[in-house]
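J.: First the structure, then my questions, so here it is.
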There are 2 protein chains.
Amino acid sequence: MFDESSNEKNRSVRAVSKSEARITGISRETLIGLHETEGVGRISIAAILLSGALKGKGSLRHSSDFLAGDWRDMGLSPRQAAAVVANLSAEATEARYRRHESRDMQVVTYLDENYPKLLRKISDPPWVLYYKGNWELVHYPAIAIVGTRLATGYGRKMSEDIAAGCAKRMTVVSGLARGIDAAAHAGALRAACGTIAVLAGGVDYCYPPENKALYRDLSIHGLILSESPPDTILRPGLFPLRNRIIAGLSYGVIVVEAAQRSGALITADLALGYDRDIFVVPGQVTSPRSKGALEYFRKGANPVLDETDIFQAYSHRLPLQAMPRTVETDSPDAHPMPVDLTPDENRIYDILLDQPCSIDELTIQSGMTFGHLHSVLLSLLIKRRIHQQPGSVYNVL
Amino acid sequence: MFDESSNEKNRSVRAVSKSEARITGISRETLIGLHETEGVGRISIAAILLSGALKGKGSLRHSSDFLAGDWRDMGLSPRQAAAVVANLSAEATEARYRRHESRDMQVVTYLDENYPKLLRKISDPPWVLYYKGNWELVHYPAIAIVGTRLATGYGRKMSEDIAAGCAKRMTVVSGLARGIDAAAHAGALRAACGTIAVLAGGVDYCYPPENKALYRDLSIHGLILSESPPDTILRPGLFPLRNRIIAGLSYGVIVVEAAQRSGALITADLALGYDRDIFVVPGQVTSPRSKGALEYFRKGANPVLDETDIFQAYSHRLPLQAMPRTVETDSPDAHPMPVDLTPDENRIYDILLDQPCSIDELTIQSGMTFGHLHSVLLSLLIKRRIHQQPGSVYNVL
C-alpha cells in the first residue's frame with residue numbers, strides 16, 4: 001500500500017489513518033477500492049458492511065488482504081470478488097491514489113470523522129466522496145437551492161438574491177446545472193459561508209461546460225464534490241443519485257422555479273423522505289415554470305421571500321452572527337465532528353460501558369431482535385465507538 | 001309606528017317582530033332609529049346597549065316611548081338625546097320605513113335571529129345591515145376575496161378563477177371595488193353559493209359607477225349589503241368599517257394581489273384580529289403588486305393555488321356536496337339560526353334554568369365579577385335566552 005505520510009495535502013486521510021489501527025472490519029482504503037471497482041455498486045458495498053462474515057474476518061486480518069473467497073462470503077459474485085481483489089492490490093491502490101492526486105482531488109469516506117454530519121443520517125449515504133476546494137464548507141449549516149435549468153429571468157434573479165442572502169450564515173448547496181443552480185452558486189460564491197456544488201460526474205470534469213468559469217471559481221472559493229470517481233462517464237441515472245447528496249447535506253431545500261416533473265423536484269422529494277424542510281419561492285400560479293414548485297405548498301412547504309425566512313426557520317440552529325469565512329487551518333482536528341448516536345446505539349453503548357459482552361449476552365440484556373442488534377453493532381463499529389474482539393465479544397473504545 | 005304586517009316582502013322583519021314582545025330593553029325598530037340618527041354612532045349605541053339604565057327602563061316601557069332624559073341617562077349628550085327622540089317618533093319611524101321600501105332595501109339588525117352568525121362574533125359588529133338580493137347567502141359558509149384595485153391581468157384571472165371554484169361550496173364575499181373585487185364577484189356570481197358584495201355606502205347606490213352591470217346582477221343573483229343607511233355620503237372612513245364586515249362574515253380572507261399599504265390589507269389585518277384565516281395567492285416576489293400580499297406568509301397565511309386549498313382547509317366545516325342554489329322559501333323560519341352561547345353564558349343560563357335569580361344571587365353562585373356577569377347577562381338578553389324581571393331578577397325564556 002502507498003505510504004500515506006507522503007500525501008502532504010490530504011490531511012483528512014492522514015487524520016483518519018491515525019485512528020484506523022483501532023478499527024476492526026473494513027479500512028477506508030478498502031472502501032475506496034470497493035467503490036472504484038467496476039461492477040460493485042452502492043448496494044453491494046452496503047451488503048458487505050452489513051455482512052456478518054466481515055466482522056469475523058476483520059478482527060483477524062486487514063481487509064486489503066482478503067481473498068476472493070472472503071469477498072464471495074460477503075455476498076459478491078465470483079466476477080465481482082475477482083475484480084475487487086485485483087483492485088485492492090498494492091499496485092492498484094497506489095495507482096488509484098496517484099490518479100486522485102494528479103487530478104488534484106481529495107477523498108473523504110463514510111468511515112472518516114470529517115464526513116458530513118447530516119449526510120451520514122440519510123438512509124442511503126454515499127460511501128466515498130471526492131472533492132476540490134474548501135472541505136470545511138460541509139461543516140457549516142447548509143441550505144440547498146434547486147430549480148429548473150430553463151429558468152425565467154425572475155427565477156434566476158430570485159435564486160441569486162436568496163443565495164447571496166442565505167450564504168451570509170449558511171452554505172448554499174446546489175448542482176452546478178444551468179439556470180437556477182448556476183444563479184445560486186453565483187450569488188453565494190463570495191459570501192461568508194460560500195457554496196457547494198455537487199456534481200453527478202467526477203469533480204475533475206465540468207458539466208455543463210458553459211459553467212466553466214463558475215466551476216473554476218468554486219474550486220478556489222467554494223467546494224465541488226461528487227460521489228463519482230474520476231473518469232466516470234455521465235449517464236442520466238447519476239443525476240438523481242447526485243440529488244440525494246444535495247438534499248442529504250442540507251437542513252432544507254429551497255425550490256425556486258420548477259415545472260411539473262422537473263428534475264429539481266427529485267431533490268425536493270428526497271428531502272421530504274429524509275425529513276428535511278422544503279421551501280418554495282412564490283411565483284405565478286399560471287406560469288408553467290412555477291407549477292411544479294408551487295405544488296409543494298400542498299406538501300407542507302414554506303414560502304420564502306428572502307433569506308430572513310430561512311434564518312427564521314433555523315433560528316435555533318444557526319449561530320447568531322454571520323460566520324466569518326474560515327481560513328484553512330493546519331490541524332486536521334480543527335473541526336472535530338462528534339458523531340451522534342441513536343437511542344438504540346446509546347443503549348448498547350451503555351451496556352458495553354459496564355463490561356465487554358458477547359452478542360448473545362447483548363441480545364438478552366437489550367431485548368432487541370438479533371437482526372436489529374446486529375445493525376446497531378455495525379453502526380457503532382463504523383462510528384468507532386466499540387471494538388469487536390475474537391469470538392464476537394464487543395467492548396467500548 | 002308603522003304596521004309591520006303591511007310589509008309583505010320583509011319576512012325577516014315580521015319573523016323577529018313575533019318574538020319581540022318577549023324581549024326586554026331595546027326593540028329592533030329603536031335600534032334602526034338610533035343607527036339612523038345623525039350624530040349617534042356605533043360606539044354610542046354600544047354604550048346604550050351596555051347601559052345598566054336600559055334594563056330598568058326596558059322592563060317597564062317600550063324603548064320608542066323613552067324621553068330625552070332617559071337617553072341622557074344612558075350616556076347620550078342632550079343634543080343626541082333630542083335627535084333620538086325626534087327620530088323615534090311614529091312619523092319619523094314610518095318615514096324611515098317608507099324610505100327603505102322605496103329603495104327596495106331590506107333591514108336586518110343585531111337583534112334578529114337571521115343576523116349572520118359569524119359576524120355576530122366580531123368585537124365590533126354592525127348593529128344594522130341593509131341589503132338587496134338574496135339574504136340566504138349570509139347563512140352559507142363564506143370566504144372573502146380581496147386585493148388591489150390596480151390589479152394585473154394575472155391578479156384578475158386568479159381572483160375570477162378562485163372565486164368561481166370556491167363558490168361551488170362557499171359564498172364569496174368581496175367589496176365591489178375595481179380590480180380584484182370585481183373579478184371575484186364576476187367569477188362567483190353564477191356558481192352554486194353565489195357572492196355577497198359589502199358596500200361602504202348605501203346599498204341603493206352603486207360605487208364605483210363602472211361596476212353598474214355587476215351591481216345589477218348582484219342585486220338579482222347575489223346579495224348586496226351595507227351598514228350605511230340610504231343616502232349616506234361616501235367618505236374614506238367608511239371603507240375600513242366596510243372591510244370589517246367582509247372579514248367578519250367569512251371563515252377566512254384570500255388576498256389575491258396587494259401592494260404594501262393597500263387598503264385590501266386592512267381586511268386581512270381585521271381578519272387576523274378576528275382570528276380568521278388568511279390565504280395568499282402566490283405571485284412574483286419582485287412584483288410591487290404582490291409585495292403586500294406575500295408578506296402575510298410571514299404572519300401565518302396559507303398559500304392558495306385554487307379552490308381545493310380552501311376546501312381542504314375547511315373540510316371539517318363544509319358540507320360534502322356542492323350546495324344547490326337555494327330557492328327563496330315562503331317560511332321565515334326556513335333557515336333558523338341557532339345562536340351559540342359562550343361557556344360563561346352557558347353557565348349563567350344553567351343556573352337560571354333551576355330558578356330565577358337576582359343579579360346578587362348570580363354574582364355569588366357564578367363567582368364572576370360584577371362587571372363580567374353584567375356583560376354576560378346583556379349578551380343573553382340580546383340573544384333572547386333570558387328575560388329581565390323588575391328588580392333585576394332574571395329568568396330563562
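Every chain in the C-alpha cells has a letter given in the order shown (A, B, ...), and although residue numbers restart at 1 in each chain, ligands are simply numbered from 1 in the order shown.
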Set the distance at 10 Å and use only C-alpha atoms: which residues neighbour Leu137 in chain A once local chain neighbours fewer than 2 positions away are removed? I'd like the list as a list in words.

T.: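 Those residues are Pro116, Gly133, Asn134, Trp135, His139, Tyr140, Pro141, Ala142, Met170, Thr171, Val172, Val173, Cys193, Gly194, Thr195, Ile196, Gly222, Leu223, Arg325 and Thr326 of chain A.
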
J.: Using only C-alpha atoms, which residues of chain B come within 9 Å of chain A, and what is the closest atom pair for each, with the distance in Å to one decimal? Give it as a tab-separated table, sorted by chain and residue number.

T.:
residue	atom	partner	partner_atom	distance
B:Tyr154	CA	A:Gln284	CA	7.8
B:Met158	CA	A:Val285	CA	8.1
B:Val281	CA	A:Val285	CA	7.8
B:Pro282	CA	A:Pro282	CA	5.1
B:Gly283	CA	A:Gln284	CA	4.6
B:Gln284	CA	A:Gly283	CA	4.6
B:Val285	CA	A:Leu305	CA	6.3
B:Thr286	CA	A:Tyr154	CA	7.8
B:Leu294	CA	A:Leu305	CA	7.8
B:Glu295	CA	A:Leu305	CA	8.1
B:Phe297	CA	A:Pro303	CA	6.7
B:Arg298	CA	A:Asp309	CA	7.9
B:Asn302	CA	A:Phe297	CA	8.5
B:Pro303	CA	A:Phe297	CA	6.7
B:Val304	CA	A:Phe297	CA	8.4
B:Leu305	CA	A:Val285	CA	6.3
B:Asp306	CA	A:Val285	CA	8.9
B:Asp309	CA	A:Arg298	CA	7.9

J.: Please determine, counting only C-alpha atoms, which residue among A:Pro230, A:Glu210, A:Val256, A:Tyr215 has the shortest atom-to-atom distance to Ala184 in chain A.

T.: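 Of the candidates, the smallest distance to Ala184 in chain A is held by A:Val256.
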
J.: Using only C-alpha atoms, which protein or nucleic acid residues come within 9 Å of Ser262 in chain A? Drop anything in the same chain fewer than 6 positions from it, and give the result as a count of residues only.

T.: 5

J.: Write out as a compact mmCIF listing (two decimals) with N, CA and C atoms, in the first residue's frame all residues of range 150-394 of chain A that backbone DSSP assigns to strand (DSSP E).

T.:
# COMPACT_ATOMS: atom_id res chain seq x y z
N THR A 171 -24.14 27.69 4.25
CA THR A 171 -23.56 27.31 2.96
C THR A 171 -24.70 26.96 2.00
N VAL A 172 -24.58 27.44 0.77
CA VAL A 172 -25.62 27.17 -0.23
C VAL A 172 -25.19 25.98 -1.09
N VAL A 173 -26.01 24.94 -1.11
CA VAL A 173 -25.70 23.72 -1.86
C VAL A 173 -26.56 23.68 -3.12
N SER A 174 -25.94 23.39 -4.26
CA SER A 174 -26.71 23.22 -5.49
C SER A 174 -25.94 22.30 -6.43
N THR A 195 -20.41 28.32 -1.02
CA THR A 195 -21.34 27.45 -1.74
C THR A 195 -20.67 26.15 -2.16
N ILE A 196 -21.47 25.10 -2.19
CA ILE A 196 -21.01 23.75 -2.54
C ILE A 196 -21.75 23.31 -3.79
N ALA A 197 -20.98 22.86 -4.82
CA ALA A 197 -21.61 22.28 -6.00
C ALA A 197 -21.45 20.76 -5.92
N VAL A 198 -22.55 20.05 -6.00
CA VAL A 198 -22.49 18.59 -6.02
C VAL A 198 -22.70 18.15 -7.46
N LEU A 199 -21.71 17.46 -8.02
CA LEU A 199 -21.76 17.05 -9.42
C LEU A 199 -22.22 15.61 -9.55
N LEU A 223 -16.63 24.80 -2.87
CA LEU A 223 -16.33 23.37 -2.79
C LEU A 223 -17.10 22.67 -3.90
N ILE A 224 -16.40 21.76 -4.59
CA ILE A 224 -17.05 20.93 -5.60
C ILE A 224 -16.91 19.50 -5.13
N LEU A 225 -18.00 18.79 -5.01
CA LEU A 225 -17.87 17.40 -4.57
C LEU A 225 -18.75 16.48 -5.39
N SER A 226 -18.42 15.20 -5.35
CA SER A 226 -19.18 14.21 -6.10
C SER A 226 -18.93 12.83 -5.50
N GLY A 252 -32.49 22.05 4.63
CA GLY A 252 -33.72 22.14 3.85
C GLY A 252 -33.41 22.46 2.40
N VAL A 253 -34.43 22.39 1.56
CA VAL A 253 -34.27 22.64 0.13
C VAL A 253 -35.21 23.77 -0.29
N ILE A 254 -34.64 24.78 -0.92
CA ILE A 254 -35.45 25.87 -1.49
C ILE A 254 -35.68 25.57 -2.97
N VAL A 255 -36.94 25.45 -3.37
CA VAL A 255 -37.27 25.26 -4.79
C VAL A 255 -37.64 26.63 -5.35
N ASP A 277 -36.65 20.10 5.46
CA ASP A 277 -37.69 21.07 5.11
C ASP A 277 -37.68 21.42 3.62
N ILE A 278 -38.85 21.78 3.13
CA ILE A 278 -38.94 22.30 1.76
C ILE A 278 -39.44 23.74 1.84
N PHE A 279 -38.79 24.59 1.08
CA PHE A 279 -39.21 25.98 0.95
C PHE A 279 -39.49 26.24 -0.53
N VAL A 280 -40.46 27.09 -0.78
CA VAL A 280 -40.78 27.42 -2.16
C VAL A 280 -40.79 28.94 -2.31
N ASN A 302 -42.81 25.69 3.00
CA ASN A 302 -42.99 27.05 3.50
C ASN A 302 -42.60 28.06 2.42
N PRO A 303 -43.33 29.17 2.34
CA PRO A 303 -42.97 30.20 1.37
C PRO A 303 -41.69 30.91 1.82
N CYS A 357 -19.21 -7.60 26.27
CA CYS A 357 -20.28 -8.60 26.18
C CYS A 357 -20.21 -9.32 24.85
N SER A 358 -20.66 -10.55 24.84
CA SER A 358 -20.83 -11.26 23.57
C SER A 358 -22.17 -10.84 22.97
N ILE A 386 -17.18 1.27 19.39
CA ILE A 386 -16.93 -0.03 20.01
C ILE A 386 -15.91 -0.80 19.17
N HIS A 387 -15.41 -1.89 19.75
CA HIS A 387 -14.41 -2.73 19.11
C HIS A 387 -14.91 -4.17 19.19
N GLN A 388 -14.68 -4.93 18.12
CA GLN A 388 -15.11 -6.33 18.13
C GLN A 388 -13.90 -7.22 18.38
N GLN A 389 -13.95 -8.01 19.49
CA GLN A 389 -12.86 -8.95 19.81
C GLN A 389 -13.18 -10.31 19.16
N VAL A 393 -17.06 -10.82 20.78
CA VAL A 393 -17.22 -10.09 22.04
C VAL A 393 -16.90 -8.62 21.75
N TYR A 394 -17.74 -7.73 22.28
CA TYR A 394 -17.59 -6.30 21.98
C TYR A 394 -17.19 -5.53 23.21

J.: Report the distance between CA of Arg156 in chain A and CA of Leu265 in chain A in Å, rounded to one decimal place.

T.: 16.9 Å
